[in-house]
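First up is the structure itself, then whatever we jot down about it.
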There are 2 protein chains.
Amino acid sequence: MGRWEPNTRERLAKAALNLYGERGFEQTTVAEIAKSAGLTERTFFRHYADKREVLFSGAVELEQLFAGAVADAPPSSAPIDAVALGLYAVCEVFEERREFARKRHAVISATAELRERELIKLASLAAALAETLRGRGVPEPAASLTAETGVAVFKVAFERWITADGTRPLVQLARDSLDELRAVARGDLPVRPEGEAGPGVPEESAEA
Amino acid sequence: MGRWEPNTRERLAKAALNLYGERGFEQTTVAEIAKSAGLTERTFFRHYADKREVLFSGAVELEQLFAGAVADAPPSSAPIDAVALGLYAVCEVFEERREFARKRHAVISATAELRERELIKLASLAAALAETLRGRGVPEPAASLTAETGVAVFKVAFERWITADGTRPLVQLARDSLDELRAVARGDLPVRPEGEAGPGVPEESAEA
DNA sequence: AGGTGGATGTCAGTTACTGACATCGACGCT
DNA sequence: AGCGTCGATGTCAGTAACTGACATCCACCT
């Protein structure tokens with residue numbers, strides 16, 4: 001396997017992330033990314049299907065990790081608990097790369113086109129989880145609903161983790177969000193968790 | 001307000017949906033759509049931001065309808081119940097346009113790019129719902145989780161409605177999916193009904 | 001009739017993306 | 001060493017999405 005400089009794909013990904021961060025996604029041309037990595041535009045498109053995909057090369061591994069952990073959960077686990085195990089496994093991986101995740105997240109959330117791509121990756125993840133759950137004997141539509149729910153919980157927890165100062169580990173935020181979801185779906189009216197006096201909470205007290 | 005033929009936007013949208021359905025999205029050029037509507041490519045881009053957006057012009061109204069119904073729910077309603085009301089309002093609208101919805105859905109689900117666009121519209125919807133819930137005094141992250149959950153329920157119900165023969169109204173499917181979600185989140189274990197994982201339609205509403 | 005304004009047409013240009021073909025460089029084989 | 005193979009890269013030409021600048025047209029108003 002002949003090659004000039006090693007790690008072509010990673011060099012392209014790193015160059016892209018940097019340029020997207022500096023000039024913005026739309027203001028960066030693929031030719032610039034390639035040049036910055038010492039390659040040509042054509043080579044870029046041999047490694048990544050399009051200009052956005054360069055930021056999402058890790059999606060497949062993420063999916064495998066998440067779904068694998070769900071598959072390995074004890075057979076007696078309720079679907080939502082199996083998904084929780086996958087959630088925790090994923091959180092561990094992210095915990096080690098917080099700065100990278102932050103930088104990448106900043107670029108993505110700044111550009112509508114990149115947000116689209118991220119959403120479809122998350123949808124693919126949800127589909128994979130649903131498939132795994134069906135493999136565990138969970139019928140539809142429970143499998144899909146549980147999978148979508150798990151992804152929603154991850155999104156919420158990740159957002160809080162990226163935004164916060166980093167003292168609280170992602171896995172803990174995920175656990176909290178999951179608990180919150182159970183309460184929401186149960187129909188419990190959410191009581192204010194902490195002393196935050198943000199937008200006033202009107203008269204919410206009793207439940208039906 | 002000068003104009004040649006009326007309903008320019010609608011003519012473009014109809015032409016696009018037809019061509020996408022016949023030749024496929026990628027095999028259809030914007031110039032062809034415009035020509036088919038008796039207009040030019042440039043005019044197409046004056047009405048729609050890009051080639052995909054022509055299929056999503058109703059997203060804003062949908063969002064307003066959904067969020068409006070949530071906002072109008074009784075103040076004492078639990079968040080999930082308020083979202084349910086919005087869900088039902090949206091279902092009514094779709095019920096009247098089943099054939100259009102089916103055709104459009106077929107085109108979208110056949111093309112990755114269009115699925116991306118649809119996802120971001122749904123995400124926008126979820127964001128609007130979350131905002132509405134916060135306006136009702138629901139704190140985060142319960143507002144976002146409830147909103148995402150509501151959208152997930154809609155997706156599942158819509159998919160079943162489009163796939164099925166149409167005898168069951170969408171609103172009923174939505175109600176069922178919502179019940180299922182509550183069961184899932186409660187941790188009720190939908191165990192394999194008869195020990196076989198066949199594609200047979202499983203029992204729903206199998207809880208107390 | 002004449003003027004105004006919004007919608008449309010025309011044209012040129014950039015850039016994402018693709019196919020066809022040439023080239024390079026490492027490796028194995030004799 | 002010499003040679004051939006093969007995968008990765010470079011080069012070039014082409015399509016089509018999308019944009020900006022400017023001309024033109026039609027409906028309406030005075």
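We name chains A, B, ... following the order of the structure tokens; residues begin at 1 in each chain, and ligands are numbered from 1 as shown.
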message: Need the shell around A:Cys91: protein/DNA/RNA residues with any atom at most 10 Å away, counting only C-alpha atoms (C1' of nucleotides). Skip same-chain ones fewer than 5 positions apart. Format as a PyMOL selection string?
response: chain A and resi 66+85-86+96+154+157-158+169-174
Once you count only C-alpha atoms (C1' of nucleotides), which residues of chain A turn out to be within 12 Å of chain C? Could you give them as a tab-separated table (two decimals) with C-alpha atoms, in the first residue's frame?
```
chain	number	residue	atom	x	y	z
A	1	MET	CA	0.00	0.00	0.00
A	2	GLY	CA	1.95	2.95	-1.26
A	3	ARG	CA	1.57	6.25	0.44
A	4	TRP	CA	3.32	9.60	0.82
A	5	GLU	CA	2.60	11.02	4.21
A	26	GLU	CA	-19.37	28.04	4.19
A	27	GLN	CA	-16.40	30.34	3.83
A	28	THR	CA	-14.05	27.38	3.63
A	29	THR	CA	-13.51	25.70	0.28
A	30	VAL	CA	-12.62	22.05	-0.07
A	31	ALA	CA	-9.59	23.01	-2.12
A	32	GLU	CA	-8.32	25.00	0.87
A	41	GLU	CA	-9.36	18.52	-3.77
A	42	ARG	CA	-9.91	15.28	-5.66
A	43	THR	CA	-8.21	13.31	-2.93
A	44	PHE	CA	-10.45	14.87	-0.32
A	45	PHE	CA	-13.50	13.51	-2.09
A	46	ARG	CA	-11.94	10.08	-2.28
A	48	TYR	CA	-15.02	11.81	2.36
A	49	ALA	CA	-18.25	11.71	0.41
A	50	ASP	CA	-18.85	15.42	0.82
A	51	LYS	CA	-17.69	18.54	2.56
A	52	ARG	CA	-19.64	17.79	5.73
```
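The backbone trace of chain A, superposed onto chain B over all C-alpha atoms paired in order, deviates from it by an RMSD of 3.3 Å.
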task: Return as a list of chain:residue names the residues belonging to chain D that are within 10 Å of chain A, counting only C-alpha atoms (C1' of nucleotides).
output: D:DC6, D:DG7, D:DA8, D:DT9, D:DG10, D:DT11
Please write the residues from the selection above to a file, keeping C-alpha atoms (C1' of nucleotides), as a JSON list (two decimals), in the first residue's frame.
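Final output, saved to result13.json:
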```
[["chain", "number", "residue", "atom", "x", "y", "z"],
["D", 6, "DC", "C1'", -1.69, -2.36, -7.29],
["D", 7, "DG", "C1'", -3.53, 1.08, -4.44],
["D", 8, "DA", "C1'", -3.30, 5.96, -3.52],
["D", 9, "DT", "C1'", -2.74, 10.38, -5.52],
["D", 10, "DG", "C1'", -2.68, 14.00, -9.21],
["D", 11, "DT", "C1'", -4.64, 16.20, -13.40]]
```
- request: Between A:Lys155, A:Arg117, A:His105, A:Arg175, single out the one closest to chain B, counting only C-alpha atoms.
  value: A:Arg117
Could the residues of chain B within 8 Å of chain A, counting only C-alpha atoms, be given as a compact mmCIF listing (two decimals) with N, CA and C atoms, in the first residue's frame, please?
```txt
# COMPACT_ATOMS: atom_id res chain seq x y z
N SER B 76 -53.43 23.52 33.70
CA SER B 76 -53.18 22.47 34.69
C SER B 76 -52.64 21.19 34.05
N SER B 77 -52.63 21.13 32.72
CA SER B 77 -52.21 19.90 32.06
C SER B 77 -50.74 19.62 32.33
N ALA B 78 -50.43 18.35 32.49
CA ALA B 78 -49.03 17.94 32.55
C ALA B 78 -48.41 18.18 31.17
N PRO B 79 -47.10 18.45 31.11
CA PRO B 79 -46.44 18.74 29.83
C PRO B 79 -46.75 17.70 28.76
N ILE B 80 -46.68 16.47 29.12
CA ILE B 80 -46.89 15.42 28.12
C ILE B 80 -48.32 15.44 27.60
N ASP B 81 -49.25 15.85 28.43
CA ASP B 81 -50.64 15.91 27.98
C ASP B 81 -50.87 17.13 27.08
N ARG B 115 -34.09 13.23 3.58
CA ARG B 115 -34.29 12.80 4.96
C ARG B 115 -33.58 13.74 5.93
N GLU B 116 -32.41 14.18 5.53
CA GLU B 116 -31.70 15.16 6.37
C GLU B 116 -32.56 16.40 6.58
N ARG B 117 -33.08 16.90 5.50
CA ARG B 117 -33.87 18.12 5.60
C ARG B 117 -35.10 17.90 6.48
N LEU B 119 -35.40 15.86 8.91
CA LEU B 119 -34.99 15.76 10.30
C LEU B 119 -34.79 17.12 10.92
N ILE B 120 -34.22 18.04 10.16
CA ILE B 120 -33.97 19.35 10.76
C ILE B 120 -35.28 20.10 10.94
N ARG B 136 -44.94 27.77 29.31
CA ARG B 136 -45.97 27.30 30.23
C ARG B 136 -45.40 27.02 31.62
N GLY B 137 -44.13 27.33 31.81
CA GLY B 137 -43.54 27.16 33.12
C GLY B 137 -42.83 25.84 33.34
N VAL B 138 -42.67 25.06 32.28
CA VAL B 138 -41.97 23.79 32.43
C VAL B 138 -40.47 24.06 32.38
N PRO B 139 -39.73 23.62 33.37
CA PRO B 139 -38.29 23.89 33.41
C PRO B 139 -37.52 22.93 32.50
N PRO B 141 -34.43 20.20 32.09
CA PRO B 141 -34.52 19.66 30.74
C PRO B 141 -35.86 18.99 30.43
N ALA B 142 -36.82 19.12 31.34
CA ALA B 142 -38.09 18.43 31.11
C ALA B 142 -38.76 18.95 29.85
N SER B 144 -37.45 20.16 27.01
CA SER B 144 -36.84 19.59 25.80
C SER B 144 -37.14 18.11 25.68
N LEU B 145 -37.05 17.41 26.78
CA LEU B 145 -37.30 15.97 26.72
C LEU B 145 -38.73 15.68 26.32
N THR B 146 -39.65 16.42 26.87
CA THR B 146 -41.05 16.21 26.50
C THR B 146 -41.29 16.53 25.04
N GLU B 148 -39.09 16.51 22.53
CA GLU B 148 -38.48 15.48 21.69
C GLU B 148 -39.32 14.20 21.70
N THR B 149 -39.81 13.90 22.85
CA THR B 149 -40.63 12.71 22.98
C THR B 149 -41.89 12.83 22.15
N ALA B 152 -41.07 12.28 18.58
CA ALA B 152 -40.79 10.87 18.33
C ALA B 152 -42.09 10.08 18.20
N VAL B 153 -43.03 10.38 19.04
CA VAL B 153 -44.32 9.71 18.98
C VAL B 153 -45.00 10.01 17.65
N VAL B 156 -43.38 7.97 14.80
CA VAL B 156 -43.77 6.56 14.82
C VAL B 156 -45.20 6.39 14.32
N SER B 177 -49.46 5.16 20.24
CA SER B 177 -48.02 5.28 20.38
C SER B 177 -47.65 6.02 21.66
N GLU B 180 -47.96 3.72 24.46
CA GLU B 180 -46.82 2.80 24.44
C GLU B 180 -45.59 3.46 25.05
N LEU B 181 -45.40 4.72 24.69
CA LEU B 181 -44.24 5.42 25.23
C LEU B 181 -44.29 5.51 26.73
N ARG B 182 -45.46 5.80 27.26
CA ARG B 182 -45.56 5.90 28.71
C ARG B 182 -45.18 4.57 29.35
N VAL B 184 -43.19 2.28 28.09
CA VAL B 184 -41.75 2.08 27.94
C VAL B 184 -40.98 2.84 29.00
N ALA B 185 -41.32 4.10 29.17
CA ALA B 185 -40.58 4.93 30.10
C ALA B 185 -40.81 4.50 31.54
N ARG B 186 -41.98 3.92 31.77
CA ARG B 186 -42.27 3.46 33.12
C ARG B 186 -41.42 2.24 33.45
N GLY B 187 -40.84 1.61 32.42
CA GLY B 187 -40.00 0.46 32.65
C GLY B 187 -40.75 -0.85 32.52
N ASP B 188 -42.00 -0.76 32.12
CA ASP B 188 -42.73 -2.00 31.85
C ASP B 188 -41.99 -2.75 30.77
N LEU B 189 -41.82 -3.99 30.94
CA LEU B 189 -41.03 -4.77 30.00
C LEU B 189 -41.92 -5.41 28.96
N PRO B 190 -41.88 -4.88 27.75
CA PRO B 190 -42.64 -5.57 26.71
C PRO B 190 -41.89 -6.83 26.34
N VAL B 191 -42.26 -7.91 26.94
CA VAL B 191 -41.55 -9.15 26.67
C VAL B 191 -42.07 -9.73 25.37
N ARG B 192 -41.23 -10.53 24.78
CA ARG B 192 -41.60 -11.20 23.54
C ARG B 192 -42.95 -11.88 23.73
N ALA B 197 -39.68 -14.20 17.43
CA ALA B 197 -39.36 -12.83 17.04
C ALA B 197 -39.81 -12.56 15.62
N PRO B 202 -47.35 -7.43 16.81
CA PRO B 202 -47.41 -7.76 18.24
C PRO B 202 -48.61 -7.10 18.90
```
- prompt: Which value, in Å to one decimal, gives the distance between atom CA of B:Glu22 and atom CA of B:Glu10?
  reply: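 A separation of 18.3 Å between them.
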message: Just the number, please: distance in Å from atom CA of B:Ala34 to atom C1' of D:DA27, one decimal.
response: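 Going from atom CA of B:Ala34 over to atom C1' of D:DA27, I get 23.1 Å.
Separating atom CA of A:Trp161 from atom CA of A:Arg97 is a distance of 12.1 Å.
Remark: for A:Val60, the closest of the candidate residues A:Tyr20, A:Leu125, A:Gly150, A:Gly166 is A:Leu125 (distances computed over only C-alpha atoms).
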